Structure formats: structure tokens, C-alpha cells
$ cat coords-v7.txt   # compact mmCIF, C-alpha atoms and all ligand atoms
# COMPACT_ATOMS: atom_id res chain seq x y z
CA MET A 533 55.41 21.23 46.02
CA SER A 534 56.30 18.83 43.22
CA ASP A 535 56.76 19.97 39.62
CA ILE A 536 54.14 17.56 38.35
CA PRO A 537 51.11 19.64 37.42
CA ASN A 538 47.98 18.68 39.29
CA LYS A 539 45.00 17.18 37.58
CA MET A 540 42.78 19.66 35.75
CA VAL A 541 39.30 19.50 37.28
CA VAL A 542 37.61 22.39 35.49
CA ASP A 543 38.28 23.27 31.86
CA VAL A 544 36.35 26.20 30.37
CA ARG A 545 37.11 26.89 26.71
CA GLY A 546 35.78 29.60 24.44
CA VAL A 547 32.61 30.12 26.41
CA GLU A 548 30.11 32.73 25.21
CA LYS A 549 26.96 34.05 26.86
CA HIS A 550 24.56 36.90 26.09
CA PHE A 551 21.61 38.10 28.15
CA GLY A 552 18.63 40.12 26.94
CA GLU A 553 17.08 40.85 23.55
CA GLY A 554 17.48 43.48 20.85
CA ALA A 555 18.85 46.79 22.10
CA ASN A 556 19.08 45.34 25.61
CA ARG A 557 21.24 42.44 24.52
CA ILE A 558 24.52 42.32 26.45
CA HIS A 559 27.59 40.19 25.87
CA VAL A 560 28.40 38.80 29.32
CA LEU A 561 30.96 36.07 28.64
CA LYS A 562 33.36 36.68 25.75
CA GLN A 563 35.44 33.68 24.71
CA VAL A 564 36.22 32.83 28.31
CA ASN A 565 38.95 30.29 29.02
CA LEU A 566 39.63 29.24 32.59
CA GLN A 567 41.09 26.13 34.18
CA ALA A 568 41.08 24.96 37.78
CA TYR A 569 43.35 22.24 39.15
CA ALA A 570 42.96 19.74 41.95
CA GLY A 571 44.61 20.86 45.16
CA GLU A 572 44.10 24.57 44.62
CA ILE A 573 42.07 27.52 45.74
CA LEU A 574 41.36 29.64 42.67
CA MET A 575 39.98 33.11 43.28
CA LEU A 576 38.08 35.04 40.63
CA VAL A 577 38.01 38.81 41.06
CA GLY A 578 36.73 41.76 39.05
CA PRO A 579 34.31 44.69 39.09
CA SER A 580 30.61 44.34 39.77
CA GLY A 581 28.72 43.22 36.68
CA CYS A 582 31.77 41.85 34.82
CA GLY A 583 30.30 38.32 34.64
CA LYS A 584 31.72 36.46 37.65
CA THR A 585 28.45 34.97 38.92
CA THR A 586 27.47 34.10 35.34
CA LEU A 587 30.73 32.21 34.85
CA LEU A 588 30.40 30.39 38.19
CA SER A 589 26.84 29.37 37.33
CA ALA A 590 28.05 27.98 34.00
CA ILE A 591 30.79 25.97 35.74
CA ALA A 592 28.28 24.72 38.30
CA GLY A 593 25.98 23.62 35.49
CA THR A 594 23.06 25.80 36.57
CA LEU A 595 23.33 28.04 33.49
CA ARG A 596 23.65 26.88 29.89
CA VAL A 597 26.09 28.79 27.69
CA GLU A 598 25.87 29.39 23.94
CA ASN A 599 29.26 28.38 22.61
CA GLY A 600 32.41 26.74 23.84
CA SER A 601 32.84 23.84 26.21
CA ILE A 602 32.86 23.33 29.95
CA GLU A 603 34.36 20.17 31.39
CA VAL A 604 34.19 19.35 35.08
CA PHE A 605 36.04 16.20 36.17
CA ASN A 606 36.33 15.30 32.47
CA GLN A 607 32.56 15.41 31.96
CA GLN A 608 31.30 17.75 29.26
CA LEU A 609 28.47 19.62 30.96
CA HIS A 610 27.04 21.00 27.71
CA ARG A 611 26.54 17.46 26.39
CA MET A 612 24.61 16.24 29.43
CA SER A 613 20.84 16.04 29.59
CA GLY A 614 19.10 17.99 32.34
CA GLY A 615 18.61 14.92 34.52
CA ALA A 616 22.18 13.68 34.20
CA LEU A 617 23.49 17.17 34.91
CA THR A 618 21.38 17.48 38.06
CA LYS A 619 22.71 14.16 39.33
CA PHE A 620 26.28 15.03 38.44
CA ARG A 621 26.01 18.37 40.18
CA ALA A 622 24.48 16.92 43.34
CA LYS A 623 27.37 14.53 43.77
CA ASN A 624 30.31 16.61 42.63
CA ILE A 625 29.68 20.28 43.28
CA GLY A 626 29.01 22.27 46.43
CA PHE A 627 27.75 25.74 45.49
CA ILE A 628 27.58 28.70 47.85
CA PHE A 629 25.31 31.26 46.20
CA GLN A 630 25.74 35.00 46.49
CA GLN A 631 22.20 35.01 47.87
CA PHE A 632 22.18 32.20 50.37
CA ASN A 633 19.06 30.44 49.02
CA LEU A 634 18.14 28.85 52.34
CA ILE A 635 14.68 27.31 52.58
CA PRO A 636 12.78 29.31 55.23
CA THR A 637 10.39 26.54 56.28
CA LEU A 638 13.19 24.08 57.10
CA SER A 639 15.42 24.17 60.16
CA VAL A 640 19.07 25.08 59.84
CA ALA A 641 20.12 21.41 60.13
CA GLU A 642 17.53 20.33 57.55
CA ASN A 643 18.80 22.97 55.12
CA VAL A 644 22.37 21.74 55.52
CA GLY A 645 21.29 18.11 55.10
CA ILE A 646 19.61 18.65 51.71
CA PRO A 647 22.56 17.53 49.54
CA LEU A 648 22.80 14.30 51.55
CA LEU A 649 19.07 13.57 51.30
CA ILE A 650 19.23 14.15 47.53
CA GLN A 651 21.93 11.49 47.39
CA GLY A 652 19.78 9.01 49.27
CA VAL A 653 21.48 9.23 52.67
CA GLY A 654 18.96 8.38 55.41
CA ASN A 655 17.48 11.17 57.49
CA ARG A 656 19.19 10.21 60.79
CA GLU A 657 22.62 10.00 59.21
CA ALA A 658 22.01 13.21 57.23
CA MET A 659 21.10 15.11 60.40
CA LYS A 660 24.13 13.72 62.22
CA ARG A 661 26.51 14.83 59.48
CA SER A 662 24.70 18.12 59.07
CA ARG A 663 25.13 18.92 62.76
CA ALA A 664 28.82 17.99 62.64
CA VAL A 665 29.43 20.52 59.84
CA LEU A 666 27.33 23.11 61.66
CA ASP A 667 29.63 22.56 64.65
CA ALA A 668 32.63 23.19 62.41
CA VAL A 669 31.25 26.58 61.35
CA GLY A 670 30.36 27.51 64.93
CA LEU A 671 26.59 27.03 64.65
CA GLY A 672 26.16 23.67 66.37
CA LYS A 673 23.77 25.11 68.94
CA ARG A 674 21.48 26.74 66.35
CA TRP A 675 20.68 23.57 64.41
CA ASN A 676 16.95 23.52 65.14
CA GLU A 677 16.15 27.15 64.34
CA ARG A 678 14.65 28.61 61.16
CA PRO A 679 17.18 30.46 59.00
CA ASN A 680 15.39 33.83 59.32
CA LYS A 681 16.16 33.81 63.06
CA LEU A 682 19.86 34.02 62.21
CA SER A 683 22.01 37.01 61.34
CA GLY A 684 23.32 37.49 57.78
CA GLY A 685 26.74 36.11 58.69
CA GLN A 686 25.19 33.11 60.41
CA GLN A 687 22.98 32.41 57.39
CA GLN A 688 26.07 32.62 55.22
CA ARG A 689 27.76 29.98 57.38
CA VAL A 690 24.70 27.73 57.04
CA ALA A 691 25.00 28.06 53.25
CA ILE A 692 28.70 27.19 53.52
CA ALA A 693 27.92 24.14 55.69
CA ARG A 694 25.36 23.00 53.11
CA ALA A 695 27.98 23.25 50.34
CA LEU A 696 30.49 21.15 52.31
CA VAL A 697 28.33 18.52 54.00
CA HIS A 698 28.44 15.95 51.18
CA GLU A 699 32.19 16.48 50.69
CA PRO A 700 31.91 17.37 47.01
CA PRO A 701 35.21 17.36 45.11
CA LEU A 702 34.51 20.83 43.68
CA VAL A 703 33.41 23.68 45.94
CA ILE A 704 32.26 26.85 44.19
CA CYS A 705 31.60 29.97 46.24
CA ASP A 706 30.21 33.35 45.30
CA GLU A 707 31.37 35.90 47.89
CA PRO A 708 31.49 33.40 50.77
CA THR A 709 32.93 35.83 53.30
CA ALA A 710 31.06 39.05 52.49
CA ALA A 711 28.90 38.87 55.62
CA LEU A 712 31.49 37.34 57.95
CA ASP A 713 33.61 38.95 60.64
CA SER A 714 37.28 38.10 60.67
CA GLN A 715 37.03 35.31 63.24
CA ASN A 716 34.39 33.42 61.28
CA GLY A 717 36.00 34.31 57.97
CA GLU A 718 39.18 32.67 59.13
CA ILE A 719 37.35 29.51 60.21
CA VAL A 720 35.69 29.29 56.81
CA LEU A 721 38.91 29.86 54.86
CA GLU A 722 40.61 27.12 56.87
CA LEU A 723 37.75 24.78 55.92
CA PHE A 724 38.27 25.67 52.25
CA ARG A 725 42.02 25.16 52.62
CA ASN A 726 41.34 21.69 53.97
CA VAL A 727 39.18 20.90 50.96
CA ALA A 728 41.90 22.10 48.62
CA ARG A 729 44.60 20.11 50.43
CA SER A 730 43.06 16.95 49.11
CA ALA A 731 44.60 15.69 45.87
CA ASN A 732 41.29 15.41 44.04
CA ARG A 733 39.43 18.47 45.22
CA ALA A 734 39.44 22.16 44.36
CA VAL A 735 37.80 25.38 45.50
CA ILE A 736 36.80 28.30 43.27
CA ILE A 737 35.91 31.53 45.07
CA VAL A 738 34.54 34.76 43.64
CA THR A 739 35.42 37.55 46.01
CA HIS A 740 35.91 41.26 46.55
CA ASP A 741 37.27 40.58 50.01
CA ASN A 742 40.92 41.56 50.19
CA ARG A 743 41.17 40.01 53.68
CA ILE A 744 41.28 36.55 52.08
CA PHE A 745 43.49 37.00 49.01
CA SER A 746 46.54 35.37 50.60
CA TYR A 747 44.66 32.04 50.72
CA ALA A 748 44.54 31.87 46.92
CA ASP A 749 46.92 29.63 44.99
CA ARG A 750 45.92 31.49 41.83
CA ILE A 751 43.94 34.65 41.18
CA ALA A 752 42.11 35.18 37.88
CA ARG A 753 40.96 38.72 37.14
CA MET A 754 37.87 39.29 35.04
CA ASP A 755 36.78 42.49 33.32
CA ASP A 756 33.82 43.08 31.04
CA GLY A 757 33.24 39.40 30.27
CA GLU A 758 36.86 38.42 29.78
CA ILE A 759 39.62 36.87 31.88
CA VAL A 760 42.26 39.57 31.62
CA GLU A 761 44.95 38.27 33.97
CA GLU A 762 45.94 35.10 35.84
CA LYS A 763 48.44 35.20 38.65
CA LYS A 764 49.96 32.35 40.63
CA GLN A 765 50.70 33.01 44.28
CA THR A 766 53.58 31.46 46.14
CA HIS A 767 53.06 30.73 49.80
CA ASP A 768 56.38 31.74 51.33
CA HIS A 769 54.40 32.42 54.48
CA PRO A 770 51.26 30.55 55.47
CA PRO A 771 48.16 32.39 54.30
CA GLN A 772 46.74 34.78 56.79
CA PHE A 773 43.33 36.31 57.18
CA LEU A 774 43.77 40.07 57.29
CA HIS A 775 41.99 41.30 60.38
CA GLU A 776 40.20 44.58 60.10
CA HIS A 777 41.34 47.19 62.59
CA ALA A 778 39.22 47.31 65.68
CA LEU A 779 36.74 50.14 65.43
N1 LIG B 801 19.50 36.33 34.36
C1 LIG B 801 19.96 37.46 33.82
N2 LIG B 801 19.23 38.12 32.88
C2 LIG B 801 19.68 39.26 32.31
N3 LIG B 801 20.88 39.82 32.60
C3 LIG B 801 21.64 39.21 33.50
C4 LIG B 801 21.23 38.01 34.17
N4 LIG B 801 22.21 37.62 35.03
C5 LIG B 801 23.18 38.55 34.92
N5 LIG B 801 22.86 39.50 34.01
C6 LIG B 801 23.70 40.64 33.60
O1 LIG B 801 24.97 40.10 33.23
C7 LIG B 801 26.03 40.95 33.69
C8 LIG B 801 26.97 40.15 34.56
O2 LIG B 801 26.29 39.77 35.75
P1 LIG B 801 26.99 38.91 36.89
O3 LIG B 801 25.95 38.64 37.90
O4 LIG B 801 27.67 37.75 36.28
O5 LIG B 801 28.08 39.95 37.44
P2 LIG B 801 29.10 39.81 38.67
O6 LIG B 801 30.48 39.98 38.12
O7 LIG B 801 28.82 38.59 39.42
O8 LIG B 801 28.76 41.11 39.55
P3 LIG B 801 28.74 41.31 41.17
O9 LIG B 801 30.16 41.46 41.59
O10 LIG B 801 27.96 42.57 41.34
O11 LIG B 801 28.06 40.13 41.78
C9 LIG B 801 25.35 42.12 34.41
O12 LIG B 801 25.29 43.19 33.50
C10 LIG B 801 23.97 41.61 34.72
O13 LIG B 801 23.03 42.63 34.71
MG MG B 802 28.03 38.23 41.31
$ encode --input "coords-v7.txt" --output "C-alpha cells" --more "lines below"
Ligand SMILES: Nc1ncnc2c1ncn2[C@@H]1O[C@H](COP(=O)(O)OP(=O)(O)OP(=O)(O)O)[C@@H](O)[C@H]1O
Ligand SMILES: [Mg+2]
Amino acid sequence: MSDIPNKMVVDVRGVEKHFGEGANRIHVLKQVNLQAYAGEILMLVGPSGCGKTTLLSAIAGTLRVENGSIEVFNQQLHRMSGGALTKFRAKNIGFIFQQFNLIPTLSVAENVGIPLLIQGVGNREAMKRSRAVLDAVGLGKRWNERPNKLSGGQQQRVAIARALVHEPPLVICDEPTAALDSQNGEIVLELFRNVARSANRAVIIVTHDNRIFSYADRIARMDDGEIVEEKKQTHDHPPQFLHEHAL
């Protein structure tokens, strides 16, 4: 590793968000600052309800915040119009939602191809690339099925394939391994590592899954709407997926 700091790709400064009205109003993001750098896997951890998904949604541009600024690849999301933001997001961000958000009426391969079709890639090419990524997550043979025929872990891998298919420079994942066994979890983490090996790309992962922590280059801990700790990890040993004990 060189001493030259990598390029900052996400810069969150002083971000505030409330939900609800009156007595039900809750303060979900409290002056949040968080940066992500090219070439890294950043993990965001913290108790349920502390604001992790809210923060990810703000970084992904799917949720507007009240104060502060969010820059992604030097673009100020809060200054973009809805249309420009949608375009920017389609090209630059792959988002794996906590709920997989697969479209039930489309086949698995069609679901994965959506980001390519949005970008104007032709249907044939989109299906070819979609099936290649499905192969990489071990679902090549299931390309023509409807998502509800698949198990939870398989659906999760379809959602992961959809977030990677257009090779976005920023991959944002909300609990990407929650439904995966260790074999598939390892495959997915290696895919994320490959993304983060590239000099211009980064991966941000929200997770409770202690099997994957060693893959993080940095871990940010959130509590009650605030980032309370940031820790860099050295990789003296290659990261390793912690296998659960056989039951
Ligand atoms: N659209 C919404 N409307 C109202 N309240 C919301 C909304 N989204 C989230 N909240 C509230 O904001 C708080 C933070 O939610 P968030 O989903 O960010 O938590 P989280 O850290 O991702 O939790 P988990 O680990 O359970 O996924 C919670 O109290 C939640 O109820
Ligand atoms: Mg969440």
C-alpha cells in the first residue's frame, strides 16, 4: 500500500434527517460525517434502528436530507434535480436493498439486466451480460425463472448481480449476506473485493454479519443517528470468511 491517500468518492458532511411529525418526530441522522475512498470496502455497523439504511439511502440519492451536503464522485447530490439525480444514480451506483426489490413478473435475467436497459444497452447484450453475472453468483442455470421460485439466499444473489451488472463505480449494500450460507457469502465478498481493488471504485456495506468483518478496510460504527467510531483495518492476513460451525 502506498502512503498517498486514495481519492475520496463519497463525502457526507453535517447531514441531518428527521422522520415523523409532532410527538412522533424522530431525529434519525444527527450531523453525520462520513467519507469513503476509492479502493476500499467500508462497512457500517450499529444497532437496529440507529439510521444505517437511512444514511445509505441518502448516499444513494434515493432519500433527500434536510441539512448538510452529500457528494458522490464530486457531484453534490442535494443540488441535482430529480431527473439528473436518477441518471447519475443509474450510471454510478449499484444498490443492494435490504429488501431485495425484485420485480416478480420479470425473469431473473430480466431483473438483473434492468440497470443496463436503463442505460440504453440493447436487450440481447443486456441479457448476455446479465447471464454472465448470474453465472458468477452461481445462478446461471436459473436465469429464466421468476424470482419467487427462488430461495431467500438465491433472491439475494439476484439482487447482488443486478447491483454489479453495469459495473458501477460505487456499490452500496444493505445487509448483502444476511440470507447467504458461508459458501455463497464468500463468493459474494470476493466479488466485492474485486470491485474495491479497482482504483476508482468503492463498496459500502451495512452489516450485522460478523463472518465478513475481516473483508473491511474500514469499519464505521453508528449509534442513535451518529457515527461514533471509525476504525481502519490492516490486512496482515488475507481476509477470510468465517465459516459457521457445522450443525
Ligand atoms: N420512511 C420512514 N418513515 C418514518 N420513519 C422511518 C422511515 N424510515 C426509517 N424510519 C425510522 O428511522 C429510524 C432509523 O431507521 P433505519 O431503517 O435507518 O435503521 P437501521 O439502522 O437500518 O436498522 P436495521 O438494522 O434494523 O435495518 C428507525 O427508528 C425507523 O423507524
Ligand atoms: Mg436497515
$ residues_around --input "coords-v7.txt" --residues "Gly757 (chain A)" --least-positions-apart "2" --cutoff "7 Å" --atoms "only C-alpha atoms" --output "MDAnalysis selection string"
chainID A and resid 560:562 582:583 754:755
$ residues_around --input "coords-v7.txt" --residues "Gln686 (chain A)" --least-positions-apart "6" --cutoff "9 Å" --atoms "all atoms listed in the file" --output "list in words"
Val669, Gly670, Leu671, Pro679, Ala711 and Leu712 of chain A
$ write_last_selection --input "coords-v7.txt" --atoms "C-alpha atoms" --output "CSV table (one decimal), in the coordinates of the input"
chain,number,residue,atom,x,y,z
A,669,VAL,CA,31.2,26.6,61.4
A,670,GLY,CA,30.4,27.5,64.9
A,671,LEU,CA,26.6,27.0,64.6
A,679,PRO,CA,17.2,30.5,59.0
A,711,ALA,CA,28.9,38.9,55.6
A,712,LEU,CA,31.5,37.3,58.0
$ atom_distance --input "coords-v7.txt" --atom1 "CA of Asp749 (chain A)" --atom2 "CA of Arg689 (chain A)"
22.8 Å
$ residues_near_ligand --input "coords-v7.txt" --ligand "ligand MG 802 (chain B)" --cutoff "9 Å" --atoms "only C-alpha atoms and all ligand atoms" --output "PDB file with C-alpha atoms, in the frame of the given file"
ATOM      1  CA  SER A 580      30.610  44.340  39.770  1.00  0.00           C
ATOM      2  CA  GLY A 581      28.720  43.220  36.680  1.00  0.00           C
ATOM      3  CA  CYS A 582      31.770  41.850  34.820  1.00  0.00           C
ATOM      4  CA  GLY A 583      30.300  38.320  34.640  1.00  0.00           C
ATOM      5  CA  LYS A 584      31.720  36.460  37.650  1.00  0.00           C
ATOM      6  CA  THR A 585      28.450  34.970  38.920  1.00  0.00           C
ATOM      7  CA  THR A 586      27.470  34.100  35.340  1.00  0.00           C
ATOM      8  CA  LEU A 588      30.400  30.390  38.190  1.00  0.00           C
ATOM      9  CA  PHE A 629      25.310  31.260  46.200  1.00  0.00           C
ATOM     10  CA  GLN A 630      25.740  35.000  46.490  1.00  0.00           C
ATOM     11  CA  ASP A 706      30.210  33.350  45.300  1.00  0.00           C
ATOM     12  CA  GLU A 707      31.370  35.900  47.890  1.00  0.00           C
ATOM     13  CA  VAL A 738      34.540  34.760  43.640  1.00  0.00           C
ATOM     14  CA  THR A 739      35.420  37.550  46.010  1.00  0.00           C
TER      15      THR A 739
END
$ atom_distance --input "coords-v7.txt" --atom1 "CA of Ala641 (chain A)" --atom2 "CA of Leu666 (chain A)"
7.6 Å
$ atom_distance --input "coords-v7.txt" --atom1 "CA of Glu762 (chain A)" --atom2 "CA of Ser746 (chain A)"
14.8 Å
$ axis_aligned_box --input "coords-v7.txt" --around "region 543-553 of chain A" --padding-each-side "4 Å" --output "JSON"
{"center_x": 27.7, "center_y": 32.1, "center_z": 27.7, "size_x": 29.2, "size_y": 25.6, "size_z": 16.3}
$ closest_residue --input "coords-v7.txt" --among "A:Ala695, A:Cys705, A:Leu682, A:Val604" --to "ligand LIG 801 (chain B)" --atoms "all atoms listed in the file"
A:Cys705
$ residues_near_point --input "coords-v7.txt" --point "(9.3, 33.5, 54.2)" --cutoff "8 Å" --atoms "all atoms listed in the file" --output "count of residues only"
3
$ residues_around --input "coords-v7.txt" --residues "Lys549 (chain A)" --least-positions-apart "3" --cutoff "12 Å" --atoms "only C-alpha atoms" --output "MDAnalysis selection string"
chainID A and resid 546 552 557:564 583 586:587 589:590 595:601 757:758
$ residues_around --input "coords-v7.txt" --residues "Leu574 (chain A)" --least-positions-apart "2" --cutoff "8 Å" --atoms "all atoms listed in the file" --output "ChimeraX atom specification"
/A:568,572,576,734-737,748-752
$ write_last_selection --input "coords-v7.txt" --atoms "C-alpha atoms" --output "PDB file, in the frame of the given file"
ATOM      1  CA  ALA A 568      41.080  24.960  37.780  1.00  0.00           C
ATOM      2  CA  GLU A 572      44.100  24.570  44.620  1.00  0.00           C
ATOM      3  CA  LEU A 576      38.080  35.040  40.630  1.00  0.00           C
ATOM      4  CA  ALA A 734      39.440  22.160  44.360  1.00  0.00           C
ATOM      5  CA  VAL A 735      37.800  25.380  45.500  1.00  0.00           C
ATOM      6  CA  ILE A 736      36.800  28.300  43.270  1.00  0.00           C
ATOM      7  CA  ILE A 737      35.910  31.530  45.070  1.00  0.00           C
ATOM      8  CA  ALA A 748      44.540  31.870  46.920  1.00  0.00           C
ATOM      9  CA  ASP A 749      46.920  29.630  44.990  1.00  0.00           C
ATOM     10  CA  ARG A 750      45.920  31.490  41.830  1.00  0.00           C
ATOM     11  CA  ILE A 751      43.940  34.650  41.180  1.00  0.00           C
ATOM     12  CA  ALA A 752      42.110  35.180  37.880  1.00  0.00           C
TER      13      ALA A 752
END
$ closest_residue --input "coords-v7.txt" --among "A:Leu723, A:Val644, A:Leu696, A:Ile759" --to "ligand LIG 801 (chain B)" --atoms "only C-alpha atoms and all ligand atoms"
A:Ile759
$ residues_near_point --input "coords-v7.txt" --point "(23.3, 16.5, 35.3)" --cutoff "12 Å" --atoms "all atoms listed in the file" --output "number ranges by chain"
A: 592-596, 604, 607-625
